[in-house]
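Novice: This is target.pdb, which holds PDB, C-alpha atoms, pLDDT in the B column:
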```
ATOM      1  CA  MET S   1      72.820  94.064  97.047  1.00 59.00           C
ATOM      2  CA  ILE S   2      72.018  97.728  96.444  1.00 63.00           C
ATOM      3  CA  PRO S   3      72.415  99.768  99.639  1.00 64.00           C
ATOM      4  CA  SER S   4      69.759 102.142 100.907  1.00 66.00           C
ATOM      5  CA  GLY S   5      70.156 105.885 100.462  1.00 72.00           C
ATOM      6  CA  VAL S   6      71.395 105.647  96.871  1.00 75.00           C
ATOM      7  CA  LYS S   7      70.228 108.395  94.512  1.00 80.00           C
ATOM      8  CA  VAL S   8      67.809 107.028  91.886  1.00 79.00           C
ATOM      9  CA  LEU S   9      67.451 108.616  88.428  1.00 80.00           C
ATOM     10  CA  VAL S  10      64.645 107.305  86.202  1.00 78.00           C
ATOM     11  CA  ALA S  11      64.690 107.777  82.420  1.00 79.00           C
ATOM     12  CA  SER S  12      61.594 109.531  81.112  1.00 73.00           C
ATOM     13  CA  HIS S  13      61.412 107.431  77.930  1.00 78.00           C
ATOM     14  CA  PRO S  14      61.549 103.657  77.377  1.00 80.00           C
ATOM     15  CA  VAL S  15      64.681 102.117  75.891  1.00 82.00           C
ATOM     16  CA  ASP S  16      65.598  99.185  73.699  1.00 81.00           C
ATOM     17  CA  PHE S  17      65.901  96.321  76.179  1.00 78.00           C
ATOM     18  CA  ARG S  18      68.519  94.624  74.031  1.00 79.00           C
ATOM     19  CA  LYS S  19      71.025  97.169  75.327  1.00 81.00           C
ATOM     20  CA  GLY S  20      73.601  95.839  77.741  1.00 80.00           C
ATOM     21  CA  PRO S  21      75.664  97.718  80.343  1.00 77.00           C
ATOM     22  CA  ASP S  22      77.780  99.573  77.768  1.00 79.00           C
ATOM     23  CA  GLY S  23      74.738 100.724  75.817  1.00 82.00           C
ATOM     24  CA  LEU S  24      72.978 101.964  78.938  1.00 82.00           C
ATOM     25  CA  LEU S  25      76.100 103.744  80.166  1.00 78.00           C
ATOM     26  CA  ALA S  26      76.275 105.475  76.790  1.00 80.00           C
ATOM     27  CA  LEU S  27      72.712 106.719  77.323  1.00 81.00           C
ATOM     28  CA  VAL S  28      73.750 108.130  80.688  1.00 79.00           C
ATOM     29  CA  ARG S  29      76.646 109.975  79.061  1.00 76.00           C
ATOM     30  CA  ASP S  30      74.413 111.251  76.250  1.00 72.00           C
ATOM     31  CA  ALA S  31      72.248 112.823  78.952  1.00 71.00           C
ATOM     32  CA  SER S  32      75.369 114.667  80.200  1.00 67.00           C
ATOM     33  CA  SER S  33      75.479 112.636  83.414  1.00 75.00           C
ATOM     34  CA  ASP S  34      78.315 110.743  85.057  1.00 77.00           C
ATOM     35  CA  PRO S  35      77.550 106.996  85.056  1.00 76.00           C
ATOM     36  CA  PHE S  36      80.185 106.419  87.745  1.00 77.00           C
ATOM     37  CA  ASN S  37      78.820 108.775  90.402  1.00 79.00           C
ATOM     38  CA  GLY S  38      77.181 105.991  92.416  1.00 79.00           C
ATOM     39  CA  ALA S  39      73.598 106.767  91.394  1.00 82.00           C
ATOM     40  CA  LEU S  40      71.118 104.177  90.148  1.00 79.00           C
ATOM     41  CA  TYR S  41      70.054 104.762  86.550  1.00 83.00           C
ATOM     42  CA  VAL S  42      66.693 103.164  85.849  1.00 82.00           C
ATOM     43  CA  TYR S  43      65.458 102.293  82.353  1.00 83.00           C
ATOM     44  CA  ARG S  44      62.169 100.663  81.465  1.00 78.00           C
ATOM     45  CA  ALA S  45      60.769  98.599  78.635  1.00 78.00           C
ATOM     46  CA  LYS S  46      58.058  99.967  76.359  1.00 73.00           C
ATOM     47  CA  ARG S  47      55.382  97.851  78.018  1.00 68.00           C
ATOM     48  CA  ALA S  48      56.481  99.079  81.460  1.00 63.00           C
ATOM     49  CA  ASP S  49      56.630  95.508  82.761  1.00 66.00           C
ATOM     50  CA  ARG S  50      60.401  95.336  83.168  1.00 74.00           C
ATOM     51  CA  VAL S  51      63.055  97.673  84.473  1.00 76.00           C
ATOM     52  CA  LYS S  52      66.818  97.646  84.000  1.00 79.00           C
ATOM     53  CA  ILE S  53      69.031  99.276  86.593  1.00 79.00           C
ATOM     54  CA  VAL S  54      72.642 100.147  85.865  1.00 80.00           C
ATOM     55  CA  TRP S  55      74.809 101.049  88.833  1.00 79.00           C
ATOM     56  CA  TRP S  56      78.495 101.578  89.521  1.00 80.00           C
ATOM     57  CA  ASP S  57      79.262  99.999  92.885  1.00 73.00           C
ATOM     58  CA  GLY S  58      82.799 101.363  93.091  1.00 71.00           C
ATOM     59  CA  SER S  59      84.482  98.333  91.589  1.00 71.00           C
ATOM     60  CA  GLY S  60      82.437  97.577  88.485  1.00 72.00           C
ATOM     61  CA  VAL S  61      79.185  98.135  86.636  1.00 72.00           C
ATOM     62  CA  CYS S  62      76.187  96.166  87.882  1.00 72.00           C
ATOM     63  CA  LEU S  63      73.165  95.548  85.670  1.00 71.00           C
ATOM     64  CA  TYR S  64      69.905  94.390  87.216  1.00 68.00           C
ATOM     65  CA  LEU S  65      66.689  93.318  85.564  1.00 71.00           C
ATOM     66  CA  VAL S  66      63.753  94.189  87.794  1.00 63.00           C
ATOM     67  CA  ILE S  67      60.881  91.750  87.505  1.00 61.00           C
ATOM     68  CA  GLU S  68      58.677  90.096  90.064  1.00 53.00           C
ATOM     69  CA  GLY S  69      60.633  87.610  92.121  1.00 51.00           C
ATOM     70  CA  ASN S  70      64.074  89.066  91.387  1.00 53.00           C
ATOM     71  CA  ASP S  71      65.822  88.603  94.722  1.00 53.00           C
ATOM     72  CA  MET S  72      68.843  90.638  93.636  1.00 54.00           C
ATOM     73  CA  ILE S  73      66.739  93.797  94.030  1.00 59.00           C
ATOM     74  CA  PRO S  74      65.340  94.533  97.486  1.00 62.00           C
ATOM     75  CA  ALA S  75      61.564  94.214  97.646  1.00 67.00           C
ATOM     76  CA  THR S  76      61.307  97.811  98.845  1.00 68.00           C
ATOM     77  CA  VAL S  77      63.147  99.007  95.716  1.00 65.00           C
ATOM     78  CA  ARG S  78      60.884  96.949  93.438  1.00 65.00           C
ATOM     79  CA  SER S  79      57.725  98.158  95.127  1.00 71.00           C
ATOM     80  CA  ALA S  80      58.908 101.766  94.843  1.00 69.00           C
ATOM     81  CA  LEU S  81      60.046 101.627  91.219  1.00 68.00           C
ATOM     82  CA  LEU S  82      57.362  99.622  89.436  1.00 68.00           C
ATOM     83  CA  PRO S  83      54.457 102.013  90.236  1.00 73.00           C
ATOM     84  CA  LEU S  84      56.658 104.892  89.117  1.00 69.00           C
ATOM     85  CA  VAL S  85      57.358 103.097  85.857  1.00 66.00           C
ATOM     86  CA  ARG S  86      53.629 102.628  85.253  1.00 70.00           C
ATOM     87  CA  GLN S  87      53.040 106.338  85.869  1.00 73.00           C
ATOM     88  CA  LEU S  88      55.782 107.217  83.399  1.00 67.00           C
ATOM     89  CA  SER S  89      54.168 104.934  80.847  1.00 68.00           C
ATOM     90  CA  GLY S  90      50.940 106.912  81.168  1.00 75.00           C
ATOM     91  CA  LEU S  91      52.835 110.179  80.849  1.00 74.00           C
ATOM     92  CA  ASP S  92      54.494 108.829  77.718  1.00 71.00           C
ATOM     93  CA  ALA S  93      51.096 108.467  76.075  1.00 77.00           C
ATOM     94  CA  GLU S  94      50.191 112.059  76.948  1.00 84.00           C
ATOM     95  CA  ILE S  95      53.557 113.323  75.693  1.00 80.00           C
ATOM     96  CA  ARG S  96      53.072 111.475  72.399  1.00 81.00           C
ATOM     97  CA  GLN S  97      49.702 113.164  71.959  1.00 89.00           C
ATOM     98  CA  SER S  98      51.253 116.571  72.638  1.00 89.00           C
ATOM     99  CA  ASP S  99      54.110 115.847  70.235  1.00 87.00           C
ATOM    100  CA  GLN S 100      51.642 114.916  67.512  1.00 90.00           C
ATOM    101  CA  ALA S 101      49.685 118.124  68.089  1.00 92.00           C
ATOM    102  CA  ILE S 102      52.869 120.227  67.918  1.00 91.00           C
ATOM    103  CA  LEU S 103      53.953 118.452  64.729  1.00 91.00           C
ATOM    104  CA  ALA S 104      50.573 119.070  63.113  1.00 92.00           C
ATOM    105  CA  LEU S 105      50.753 122.737  64.075  1.00 91.00           C
ATOM    106  CA  ALA S 106      54.340 123.080  62.827  1.00 91.00           C
ATOM    107  CA  LYS S 107      53.387 121.635  59.449  1.00 92.00           C
ATOM    108  CA  THR S 108      50.908 124.472  58.959  1.00 93.00           C
ATOM    109  CA  ASP S 109      53.629 127.118  59.355  1.00 92.00           C
ATOM    110  CA  GLU S 110      55.881 127.738  56.353  1.00 93.00           C
ATOM    111  CA  MET S 111      58.846 128.923  58.421  1.00 93.00           C
ATOM    112  CA  ALA S 112      58.617 125.979  60.806  1.00 93.00           C
ATOM    113  CA  ARG S 113      58.541 123.590  57.844  1.00 93.00           C
ATOM    114  CA  ARG S 114      61.736 125.156  56.489  1.00 92.00           C
ATOM    115  CA  LEU S 115      63.481 124.907  59.845  1.00 94.00           C
ATOM    116  CA  MET S 116      62.504 121.257  60.257  1.00 93.00           C
ATOM    117  CA  THR S 117      64.675 120.410  57.249  1.00 91.00           C
ATOM    118  CA  VAL S 118      67.750 121.161  59.394  1.00 91.00           C
ATOM    119  CA  PRO S 119      69.315 118.178  61.229  1.00 88.00           C
ATOM    120  CA  GLY S 120      68.693 118.446  64.959  1.00 88.00           C
ATOM    121  CA  ILE S 121      65.660 120.705  64.599  1.00 92.00           C
ATOM    122  CA  GLY S 122      62.307 119.037  65.105  1.00 91.00           C
ATOM    123  CA  PRO S 123      58.766 120.373  65.452  1.00 93.00           C
ATOM    124  CA  ILE S 124      59.208 121.743  68.990  1.00 92.00           C
ATOM    125  CA  THR S 125      62.381 123.697  68.210  1.00 93.00           C
ATOM    126  CA  ALA S 126      61.100 124.841  64.819  1.00 94.00           C
ATOM    127  CA  SER S 127      57.811 126.057  66.305  1.00 94.00           C
ATOM    128  CA  ALA S 128      59.590 127.867  69.137  1.00 93.00           C
ATOM    129  CA  LEU S 129      61.977 129.607  66.735  1.00 94.00           C
ATOM    130  CA  ALA S 130      59.223 130.588  64.309  1.00 93.00           C
ATOM    131  CA  ALA S 131      57.102 131.986  67.134  1.00 92.00           C
ATOM    132  CA  SER S 132      59.951 133.806  68.896  1.00 92.00           C
ATOM    133  CA  ILE S 133      61.772 135.356  65.922  1.00 92.00           C
ATOM    134  CA  GLN S 134      59.240 137.500  64.135  1.00 88.00           C
ATOM    135  CA  ASP S 135      61.708 139.637  62.157  1.00 91.00           C
ATOM    136  CA  ILE S 136      65.129 138.166  61.426  1.00 93.00           C
ATOM    137  CA  SER S 137      66.235 141.449  59.823  1.00 92.00           C
ATOM    138  CA  THR S 138      66.629 142.943  63.301  1.00 91.00           C
ATOM    139  CA  PHE S 139      69.897 140.989  63.507  1.00 92.00           C
ATOM    140  CA  SER S 140      72.851 142.269  61.516  1.00 91.00           C
ATOM    141  CA  GLY S 141      74.198 138.807  60.805  1.00 92.00           C
ATOM    142  CA  PRO S 142      74.500 135.193  61.957  1.00 91.00           C
ATOM    143  CA  ARG S 143      76.988 136.015  64.715  1.00 90.00           C
ATOM    144  CA  GLU S 144      74.647 138.567  66.265  1.00 91.00           C
ATOM    145  CA  PHE S 145      71.812 136.049  66.090  1.00 91.00           C
ATOM    146  CA  ALA S 146      73.970 133.392  67.787  1.00 90.00           C
ATOM    147  CA  ALA S 147      74.935 135.985  70.406  1.00 88.00           C
ATOM    148  CA  PHE S 148      71.246 136.719  70.995  1.00 88.00           C
ATOM    149  CA  LEU S 149      70.864 133.035  71.844  1.00 89.00           C
ATOM    150  CA  GLY S 150      73.928 133.054  74.106  1.00 87.00           C
ATOM    151  CA  LEU S 151      75.885 130.696  71.867  1.00 86.00           C
ATOM    152  CA  THR S 152      78.952 132.836  71.185  1.00 79.00           C
ATOM    153  CA  PRO S 153      82.088 132.599  73.352  1.00 68.00           C
ATOM    154  CA  ARG S 154      83.068 135.392  75.697  1.00 53.00           C
ATOM    155  CA  GLN S 155      86.088 137.377  74.600  1.00 47.00           C
ATOM    156  CA  ASN S 156      88.814 137.995  77.164  1.00 44.00           C
ATOM    157  CA  SER S 157      91.765 140.240  76.414  1.00 42.00           C
ATOM    158  CA  SER S 158      95.020 140.016  78.348  1.00 47.00           C
ATOM    159  CA  GLY S 159      98.426 141.367  77.423  1.00 46.00           C
ATOM    160  CA  GLY S 160      97.205 142.387  74.010  1.00 45.00           C
ATOM    161  CA  LYS S 161      95.986 138.864  73.253  1.00 44.00           C
ATOM    162  CA  GLU S 162      92.349 138.029  72.676  1.00 38.00           C
ATOM    163  CA  ARG S 163      91.131 134.735  74.078  1.00 43.00           C
ATOM    164  CA  LEU S 164      87.769 133.082  73.633  1.00 38.00           C
ATOM    165  CA  GLY S 165      86.108 131.749  76.773  1.00 43.00           C
ATOM    166  CA  ARG S 166      82.908 129.864  77.442  1.00 53.00           C
ATOM    167  CA  VAL S 167      79.664 130.808  75.747  1.00 53.00           C
ATOM    168  CA  SER S 168      77.970 133.839  77.244  1.00 52.00           C
ATOM    169  CA  LYS S 169      74.636 132.097  78.007  1.00 59.00           C
ATOM    170  CA  MET S 170      72.951 135.455  77.547  1.00 65.00           C
ATOM    171  CA  GLY S 171      69.728 135.948  75.622  1.00 69.00           C
ATOM    172  CA  ASN S 172      66.899 133.480  75.119  1.00 80.00           C
ATOM    173  CA  ARG S 173      67.632 130.567  77.426  1.00 85.00           C
ATOM    174  CA  TYR S 174      64.809 128.356  76.136  1.00 90.00           C
ATOM    175  CA  LEU S 175      65.847 128.594  72.487  1.00 92.00           C
ATOM    176  CA  ARG S 176      69.485 128.038  73.433  1.00 90.00           C
ATOM    177  CA  LYS S 177      68.573 124.897  75.350  1.00 89.00           C
ATOM    178  CA  LEU S 178      66.544 123.553  72.418  1.00 91.00           C
ATOM    179  CA  LEU S 179      69.425 124.095  70.006  1.00 92.00           C
ATOM    180  CA  VAL S 180      71.913 122.423  72.357  1.00 89.00           C
ATOM    181  CA  VAL S 181      69.577 119.423  72.665  1.00 87.00           C
ATOM    182  CA  GLY S 182      69.319 119.367  68.874  1.00 88.00           C
ATOM    183  CA  ALA S 183      73.096 119.517  68.621  1.00 88.00           C
ATOM    184  CA  HIS S 184      73.369 116.432  70.832  1.00 84.00           C
ATOM    185  CA  ALA S 185      70.976 114.656  68.455  1.00 83.00           C
ATOM    186  CA  VAL S 186      73.198 115.607  65.513  1.00 84.00           C
ATOM    187  CA  LEU S 187      76.233 114.183  67.309  1.00 82.00           C
ATOM    188  CA  PHE S 188      74.418 111.011  68.314  1.00 77.00           C
ATOM    189  CA  HIS S 189      73.338 110.237  64.735  1.00 73.00           C
ATOM    190  CA  ARG S 190      76.446 111.502  62.958  1.00 70.00           C
ATOM    191  CA  LYS S 191      77.775 108.002  62.180  1.00 68.00           C
ATOM    192  CA  ARG S 192      74.534 106.712  60.704  1.00 69.00           C
ATOM    193  CA  SER S 193      73.591 109.793  58.692  1.00 67.00           C
ATOM    194  CA  GLY S 194      75.640 111.820  56.262  1.00 67.00           C
ATOM    195  CA  GLY S 195      75.560 115.486  55.431  1.00 75.00           C
ATOM    196  CA  ALA S 196      77.974 118.378  55.743  1.00 80.00           C
ATOM    197  CA  LEU S 197      76.884 119.353  59.262  1.00 80.00           C
ATOM    198  CA  ARG S 198      77.265 115.854  60.702  1.00 79.00           C
ATOM    199  CA  ASN S 199      80.584 115.335  58.916  1.00 80.00           C
ATOM    200  CA  TRP S 200      81.842 118.651  60.297  1.00 83.00           C
ATOM    201  CA  ALA S 201      80.797 117.631  63.824  1.00 81.00           C
ATOM    202  CA  ASP S 202      82.396 114.215  63.379  1.00 81.00           C
ATOM    203  CA  ARG S 203      85.750 115.777  62.502  1.00 85.00           C
ATOM    204  CA  LEU S 204      85.510 118.105  65.479  1.00 83.00           C
ATOM    205  CA  MET S 205      84.826 115.174  67.816  1.00 82.00           C
ATOM    206  CA  GLU S 206      88.227 113.728  66.940  1.00 84.00           C
ATOM    207  CA  THR S 207      90.067 116.522  68.756  1.00 85.00           C
ATOM    208  CA  LYS S 208      87.592 118.263  71.081  1.00 83.00           C
ATOM    209  CA  PRO S 209      85.529 117.263  74.159  1.00 81.00           C
ATOM    210  CA  SER S 210      81.971 116.206  73.385  1.00 80.00           C
ATOM    211  CA  MET S 211      80.315 119.027  75.353  1.00 81.00           C
ATOM    212  CA  LEU S 212      82.396 121.652  73.571  1.00 84.00           C
ATOM    213  CA  VAL S 213      81.478 120.101  70.227  1.00 85.00           C
ATOM    214  CA  ALA S 214      77.789 120.103  71.196  1.00 85.00           C
ATOM    215  CA  VAL S 215      77.859 123.834  71.949  1.00 87.00           C
ATOM    216  CA  ALA S 216      79.819 124.532  68.762  1.00 88.00           C
ATOM    217  CA  THR S 217      77.239 122.527  66.811  1.00 89.00           C
ATOM    218  CA  ALA S 218      74.428 124.489  68.462  1.00 91.00           C
ATOM    219  CA  ASN S 219      76.182 127.678  67.348  1.00 91.00           C
ATOM    220  CA  LYS S 220      76.353 126.273  63.825  1.00 91.00           C
ATOM    221  CA  LEU S 221      72.650 125.408  63.968  1.00 93.00           C
ATOM    222  CA  ALA S 222      71.841 128.971  65.022  1.00 93.00           C
ATOM    223  CA  ARG S 223      73.738 130.343  62.023  1.00 93.00           C
ATOM    224  CA  ILE S 224      71.940 127.937  59.691  1.00 93.00           C
ATOM    225  CA  VAL S 225      68.602 129.005  61.173  1.00 94.00           C
ATOM    226  CA  PHE S 226      69.511 132.639  60.565  1.00 94.00           C
ATOM    227  CA  ALA S 227      70.352 131.949  56.910  1.00 92.00           C
ATOM    228  CA  LEU S 228      67.124 130.016  56.317  1.00 93.00           C
ATOM    229  CA  MET S 229      65.003 132.716  57.932  1.00 93.00           C
ATOM    230  CA  ARG S 230      66.784 135.516  56.095  1.00 93.00           C
ATOM    231  CA  ASP S 231      66.708 133.890  52.662  1.00 90.00           C
ATOM    232  CA  ALA S 232      63.389 132.010  53.050  1.00 86.00           C
ATOM    233  CA  THR S 233      65.054 128.818  51.820  1.00 88.00           C
ATOM    234  CA  HIS S 234      65.288 125.177  52.858  1.00 85.00           C
ATOM    235  CA  TYR S 235      68.325 123.387  54.222  1.00 85.00           C
ATOM    236  CA  ALA S 236      70.370 121.945  51.377  1.00 76.00           C
ATOM    237  CA  GLY S 237      71.860 119.029  53.309  1.00 63.00           C
ATOM    238  CA  THR S 238      70.291 115.842  54.632  1.00 51.00           C
ATOM    239  CA  PRO S 239      66.929 116.893  56.152  1.00 49.00           C
ATOM    240  CA  ALA S 240      65.858 116.012  59.661  1.00 52.00           C
ATOM    241  CA  TYR S 241      62.112 115.923  59.018  1.00 50.00           C
ATOM    242  CA  GLN S 242      60.387 115.164  55.755  1.00 41.00           C
TER     243      GLN S 242
END
```
Take the structure in the file and give it back as structure tokens.
Specialist:
Amino acid sequence: MIPSGVKVLVASHPVDFRKGPDGLLALVRDASSDPFNGALYVYRAKRADRVKIVWWDGSGVCLYLVIEGNDMIPATVRSALLPLVRQLSGLDAEIRQSDQAILALAKTDEMARRLMTVPGIGPITASALAASIQDISTFSGPREFAAFLGLTPRQNSSGGKERLGRVSKMGNRYLRKLLVVGAHAVLFHRKRSGGALRNWADRLMETKPSMLVAVATANKLARIVFALMRDATHYAGTPAYQ
């Protein structure tokens, strides 16, 4: 039985209900959360008529399927979650409409179309970059552009040695966040899709923590964006959007 007072986190998008505990835990990790922190992670089906809850009870992973008459889930939890799921389903429809409008707008912009050929960069990121960076020539090179986005590591000198720290997180926070999200998408699909960028990220994942690789990939994306904007070309690798 799930105790009261447990923190509940609800996914904003529906998931494939064929996923078991391991698949759902992987989704939690992909969202940069800790699946073993005692919180309830709630996932819903596309029709919003079923809910799966994955929860670490301290000794193992519990997976619940919330439907009417499921006595494993307290009635108060069911009555609280199901209306929320229906609301999220309605929001999904509105988000899809907004996404379609953004995609249509991005397709009318030449620069956005070029940027959408880069893995990890979709209509939202491409539109934001095209609207925010009016003149790429104001940056001396790709490193300065990445620094503008806060995606370059801090440099610390001690005893004559230069050491690279965490990224500065200076500059345009919104664009940086979009590129980091895009980097996570590149990492998530790296096994199923080829291309130099995904292969590079795959090799890096063998020796480095996933979050570090995500930031490094975002830095790489920023440098690719700079090159495409500067040279008015398309990405030569496997495109993200056709």
Novice: Mind checking which residues fall within 12 Å of Pro123 (chain S), counting all atoms listed in the file, ignoring those fewer than 3 positions away in the same chain, and posting them as a CSV table (one decimal) with C-alpha atoms, in the frame of the given file?
Specialist:
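Done, and the output landed in out-v2.csv:
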```csv
chain,number,residue,atom,x,y,z
S,98,SER,CA,51.3,116.6,72.6
S,99,ASP,CA,54.1,115.8,70.2
S,100,GLN,CA,51.6,114.9,67.5
S,101,ALA,CA,49.7,118.1,68.1
S,102,ILE,CA,52.9,120.2,67.9
S,103,LEU,CA,54.0,118.5,64.7
S,104,ALA,CA,50.6,119.1,63.1
S,105,LEU,CA,50.8,122.7,64.1
S,106,ALA,CA,54.3,123.1,62.8
S,107,LYS,CA,53.4,121.6,59.4
S,108,THR,CA,50.9,124.5,59.0
S,109,ASP,CA,53.6,127.1,59.4
S,111,MET,CA,58.8,128.9,58.4
S,112,ALA,CA,58.6,126.0,60.8
S,113,ARG,CA,58.5,123.6,57.8
S,114,ARG,CA,61.7,125.2,56.5
S,115,LEU,CA,63.5,124.9,59.8
S,116,MET,CA,62.5,121.3,60.3
S,117,THR,CA,64.7,120.4,57.2
S,118,VAL,CA,67.8,121.2,59.4
S,119,PRO,CA,69.3,118.2,61.2
S,120,GLY,CA,68.7,118.4,65.0
S,126,ALA,CA,61.1,124.8,64.8
S,127,SER,CA,57.8,126.1,66.3
S,128,ALA,CA,59.6,127.9,69.1
S,129,LEU,CA,62.0,129.6,66.7
S,130,ALA,CA,59.2,130.6,64.3
S,131,ALA,CA,57.1,132.0,67.1
S,178,LEU,CA,66.5,123.6,72.4
S,182,GLY,CA,69.3,119.4,68.9
S,240,ALA,CA,65.9,116.0,59.7
S,241,TYR,CA,62.1,115.9,59.0
S,242,GLN,CA,60.4,115.2,55.8
```
Novice: Kindly indicate which residue among S:Phe145, S:Tyr41, S:Phe139, S:Phe188 lies nearest to Ala222 (chain S), using only C-alpha atoms for the distances.
Specialist: S:Phe145
Novice: Which residues fall under the PyMOL selection byres ((chain S and resi 202) around 12) in this file, as a PyMOL selection string?
Specialist: chain S and resi 183-184+186-201+203-210+213-214+216-217
Novice: Write a file of the just-selected residues containing C-alpha atoms, as an mmCIF file, in the coordinates of the input.
Specialist:
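For reference, selection_35.cif as written:
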```
data_model
loop_
_atom_site.group_PDB
_atom_site.id
_atom_site.type_symbol
_atom_site.label_atom_id
_atom_site.label_comp_id
_atom_site.auth_asym_id
_atom_site.auth_seq_id
_atom_site.Cartn_x
_atom_site.Cartn_y
_atom_site.Cartn_z
ATOM 1 C CA ALA S 183 73.096 119.517 68.621
ATOM 2 C CA HIS S 184 73.369 116.432 70.832
ATOM 3 C CA VAL S 186 73.198 115.607 65.513
ATOM 4 C CA LEU S 187 76.233 114.183 67.309
ATOM 5 C CA PHE S 188 74.418 111.011 68.314
ATOM 6 C CA HIS S 189 73.338 110.237 64.735
ATOM 7 C CA ARG S 190 76.446 111.502 62.958
ATOM 8 C CA LYS S 191 77.775 108.002 62.180
ATOM 9 C CA ARG S 192 74.534 106.712 60.704
ATOM 10 C CA SER S 193 73.591 109.793 58.692
ATOM 11 C CA GLY S 194 75.640 111.820 56.262
ATOM 12 C CA GLY S 195 75.560 115.486 55.431
ATOM 13 C CA ALA S 196 77.974 118.378 55.743
ATOM 14 C CA LEU S 197 76.884 119.353 59.262
ATOM 15 C CA ARG S 198 77.265 115.854 60.702
ATOM 16 C CA ASN S 199 80.584 115.335 58.916
ATOM 17 C CA TRP S 200 81.842 118.651 60.297
ATOM 18 C CA ALA S 201 80.797 117.631 63.824
ATOM 19 C CA ARG S 203 85.750 115.777 62.502
ATOM 20 C CA LEU S 204 85.510 118.105 65.479
ATOM 21 C CA MET S 205 84.826 115.174 67.816
ATOM 22 C CA GLU S 206 88.227 113.728 66.940
ATOM 23 C CA THR S 207 90.067 116.522 68.756
ATOM 24 C CA LYS S 208 87.592 118.263 71.081
ATOM 25 C CA PRO S 209 85.529 117.263 74.159
ATOM 26 C CA SER S 210 81.971 116.206 73.385
ATOM 27 C CA VAL S 213 81.478 120.101 70.227
ATOM 28 C CA ALA S 214 77.789 120.103 71.196
ATOM 29 C CA ALA S 216 79.819 124.532 68.762
ATOM 30 C CA THR S 217 77.239 122.527 66.811
#
```
Novice: Quick check, in Å to one decimal: how far apart do CA of Arg143 (chain S) and CA of Arg230 (chain S) lie?
Specialist: 13.4 Å
Novice: Smallest atom-to-atom distance to Ser33 (chain S): which of S:Ile124, S:Met211, S:Asp92, S:Leu65, using all atoms listed in the file?
Specialist: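 Comparing S:Ile124, S:Met211, S:Asp92, S:Leu65 against Ser33 (chain S), the winner is S:Met211.
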Novice: Could you check how far CA of Ala147 (chain S) sits from CA of Ile121 (chain S), in Å to one decimal?
Specialist: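 Between these atoms lies a distance of 18.8 Å.
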Novice: Using all atoms listed in the file, pick whichever of S:Gly23, S:Gly60, S:Gly5, S:Pro142 has the shortest atom-to-atom distance to Arg223 (chain S).
Specialist: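 Residue with the minimum atom-to-atom distance to Arg223 (chain S): S:Pro142.
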